[in-house]
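A.B. asks: What follows is a structure written as structure tokens; I'll ask about it next.
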Amino acid sequence: MSINSSILIFDGGRLDPQKKQIGKTTITGGRGPQGPQGEQGPAGEAKNTLDSIAGEDISVYDVVRVHNGAFFKASPSDDSTIQGIIGVALQSVIAGESITVMAQGRIKDINFGFPISGKLFCGANGKIVTQSNFSNIAQIGFIEDSQQIFINIQRIIKNV
């Protein structure tokens, strides 16, 4: 704790309140009591990732599903795989390697090149696409800008 004195000057071993201050004089003492808690800051961004083993070769940003504890590319044309979509791969790996998948949250990449806004879907071979022409529509998120997407897996819609 510091106490600033605007009128006291140390003068040869004594404090003289009658002299004008030439500089800043600081008297340091012990620590005082803790002050009140401040306001809580804004909530941080939710980022939900999952880790497992790749069941096949997976490229960065492939839409993946889980099957028997391993991650595989999802396919909207296959009824048996589309229901297990869990997120988007955050790195490229070969089968048997550890992989991290974004289940919900923002992904920024200057190379995305998406339109300014819109929805994102699972396309052929697990690729992220902006339009789905498959019998199963799997919305996996939306575009925030040309370099940033938000992953938020939605329920699967079956076209009849």
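As shown in the structure tokens, the chain order sets the letters A, B, ...; within each chain, residues go from 1, and ligands are also counted from 1 in the order they appear.
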Write out as a list in words each polymer residue whose atoms come within 7 Å of segment 115-129 of chain A, counting only C-alpha atoms; drop sequence neighbours fewer than 2 positions from it.
C.D. replies: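 Residues meeting the cut-off are Asp62, Val63, Val64, Lys73, Ala74, Ser75, Pro76, Gly113, Gln131, Ser132, Ala138, Gln139, Ile140, Gly141, Phe142, Ile143, Glu144, Asp145 and Ser146 of chain A.
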A.B. asks: Residues of the last selection are to be written out with N, CA and C atoms, as a PDB file, in the first residue's frame.
C.D. replies:
```pdb
ATOM      1  N   ASP A  62     -13.103 -31.622 -42.529  1.00  0.00           N
ATOM      2  CA  ASP A  62     -14.084 -32.629 -42.924  1.00  0.00           C
ATOM      3  C   ASP A  62     -15.137 -32.728 -41.822  1.00  0.00           C
ATOM      4  N   VAL A  63     -16.385 -32.947 -42.229  1.00  0.00           N
ATOM      5  CA  VAL A  63     -17.462 -33.204 -41.278  1.00  0.00           C
ATOM      6  C   VAL A  63     -17.319 -34.661 -40.854  1.00  0.00           C
ATOM      7  N   VAL A  64     -17.309 -34.901 -39.544  1.00  0.00           N
ATOM      8  CA  VAL A  64     -17.062 -36.256 -39.064  1.00  0.00           C
ATOM      9  C   VAL A  64     -18.212 -36.777 -38.208  1.00  0.00           C
ATOM     10  N   LYS A  73     -15.404 -39.851 -41.702  1.00  0.00           N
ATOM     11  CA  LYS A  73     -16.070 -38.828 -42.502  1.00  0.00           C
ATOM     12  C   LYS A  73     -17.557 -39.154 -42.599  1.00  0.00           C
ATOM     13  N   ALA A  74     -18.369 -38.125 -42.535  1.00  0.00           N
ATOM     14  CA  ALA A  74     -19.818 -38.298 -42.668  1.00  0.00           C
ATOM     15  C   ALA A  74     -20.209 -38.193 -44.133  1.00  0.00           C
ATOM     16  N   SER A  75     -21.355 -38.760 -44.465  1.00  0.00           N
ATOM     17  CA  SER A  75     -21.861 -38.675 -45.831  1.00  0.00           C
ATOM     18  C   SER A  75     -23.371 -38.496 -45.793  1.00  0.00           C
ATOM     19  N   PRO A  76     -23.879 -37.414 -46.372  1.00  0.00           N
ATOM     20  CA  PRO A  76     -25.319 -37.183 -46.338  1.00  0.00           C
ATOM     21  C   PRO A  76     -26.105 -38.158 -47.217  1.00  0.00           C
ATOM     22  N   GLY A 113     -12.859 -18.555 -47.788  1.00  0.00           N
ATOM     23  CA  GLY A 113     -13.443 -17.986 -48.999  1.00  0.00           C
ATOM     24  C   GLY A 113     -14.936 -18.232 -49.155  1.00  0.00           C
ATOM     25  N   GLN A 131     -24.637 -25.546 -50.013  1.00  0.00           N
ATOM     26  CA  GLN A 131     -25.946 -26.027 -50.468  1.00  0.00           C
ATOM     27  C   GLN A 131     -25.949 -27.543 -50.399  1.00  0.00           C
ATOM     28  N   SER A 132     -27.087 -28.113 -50.010  1.00  0.00           N
ATOM     29  CA  SER A 132     -27.180 -29.560 -49.918  1.00  0.00           C
ATOM     30  C   SER A 132     -28.186 -30.081 -50.925  1.00  0.00           C
ATOM     31  N   ALA A 138     -27.964 -32.183 -43.629  1.00  0.00           N
ATOM     32  CA  ALA A 138     -27.303 -32.067 -42.334  1.00  0.00           C
ATOM     33  C   ALA A 138     -26.672 -30.684 -42.226  1.00  0.00           C
ATOM     34  N   GLN A 139     -27.397 -29.748 -41.578  1.00  0.00           N
ATOM     35  CA  GLN A 139     -26.818 -28.417 -41.357  1.00  0.00           C
ATOM     36  C   GLN A 139     -25.823 -28.527 -40.221  1.00  0.00           C
ATOM     37  N   ILE A 140     -24.583 -28.101 -40.479  1.00  0.00           N
ATOM     38  CA  ILE A 140     -23.539 -28.238 -39.470  1.00  0.00           C
ATOM     39  C   ILE A 140     -23.122 -26.897 -38.868  1.00  0.00           C
ATOM     40  N   GLY A 141     -23.672 -25.798 -39.395  1.00  0.00           N
ATOM     41  CA  GLY A 141     -23.323 -24.493 -38.862  1.00  0.00           C
ATOM     42  C   GLY A 141     -23.695 -23.392 -39.817  1.00  0.00           C
ATOM     43  N   PHE A 142     -23.022 -22.243 -39.655  1.00  0.00           N
ATOM     44  CA  PHE A 142     -23.301 -21.110 -40.546  1.00  0.00           C
ATOM     45  C   PHE A 142     -22.043 -20.275 -40.728  1.00  0.00           C
ATOM     46  N   ILE A 143     -22.088 -19.454 -41.762  1.00  0.00           N
ATOM     47  CA  ILE A 143     -20.961 -18.583 -42.109  1.00  0.00           C
ATOM     48  C   ILE A 143     -21.126 -17.257 -41.370  1.00  0.00           C
ATOM     49  N   GLU A 144     -20.070 -16.820 -40.693  1.00  0.00           N
ATOM     50  CA  GLU A 144     -20.094 -15.514 -40.041  1.00  0.00           C
ATOM     51  C   GLU A 144     -19.494 -14.447 -40.950  1.00  0.00           C
ATOM     52  N   ASP A 145     -18.448 -14.781 -41.654  1.00  0.00           N
ATOM     53  CA  ASP A 145     -17.883 -13.940 -42.708  1.00  0.00           C
ATOM     54  C   ASP A 145     -17.039 -14.836 -43.601  1.00  0.00           C
ATOM     55  N   SER A 146     -16.393 -14.272 -44.590  1.00  0.00           N
ATOM     56  CA  SER A 146     -15.686 -15.092 -45.579  1.00  0.00           C
ATOM     57  C   SER A 146     -14.543 -15.911 -44.984  1.00  0.00           C
TER      58      SER A 146
END
```
A.B. asks: Can you check which residues of segment 78-113 of chain A DSSP gives as alpha helix (DSSP H) on the backbone and send them as a VMD selection string?
C.D. replies: chain A and resid 79 to 82
A.B. asks: So what do you get for atom CA of Ile58 of chain A versus atom CA of Glu97 of chain A, distance-wise?
C.D. replies: 9.8 Å
A.B. asks: Between atom CA of His67 of chain A and atom CA of Lys108 of chain A, measure the distance and give it in Å to one decimal.
C.D. replies: 27.3 Å
A.B. asks: Counting only C-alpha atoms, which residue out of A:Pro33, A:Gly96, A:Gly84, A:Gly105 sits closest to Ala54 of chain A?
C.D. replies: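 Comparing A:Pro33, A:Gly96, A:Gly84, A:Gly105 against Ala54 of chain A, the winner is A:Gly96.
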A.B. asks: In Å, how far is it from atom CA of Gly69 of chain A to atom CA of Leu50 of chain A?
C.D. replies: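 These two atoms are separated by 11.1 Å.
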A.B. asks: Would you kindly return, as a PyMOL selection string, each protein, DNA or RNA residue with an atom no farther than 12 Å from any atom of Ser98 of chain A, considering only C-alpha atoms and excluding same-chain residues fewer than 2 positions away?
C.D. replies: chain A and resi 50-58+69-71+89-96+100-101
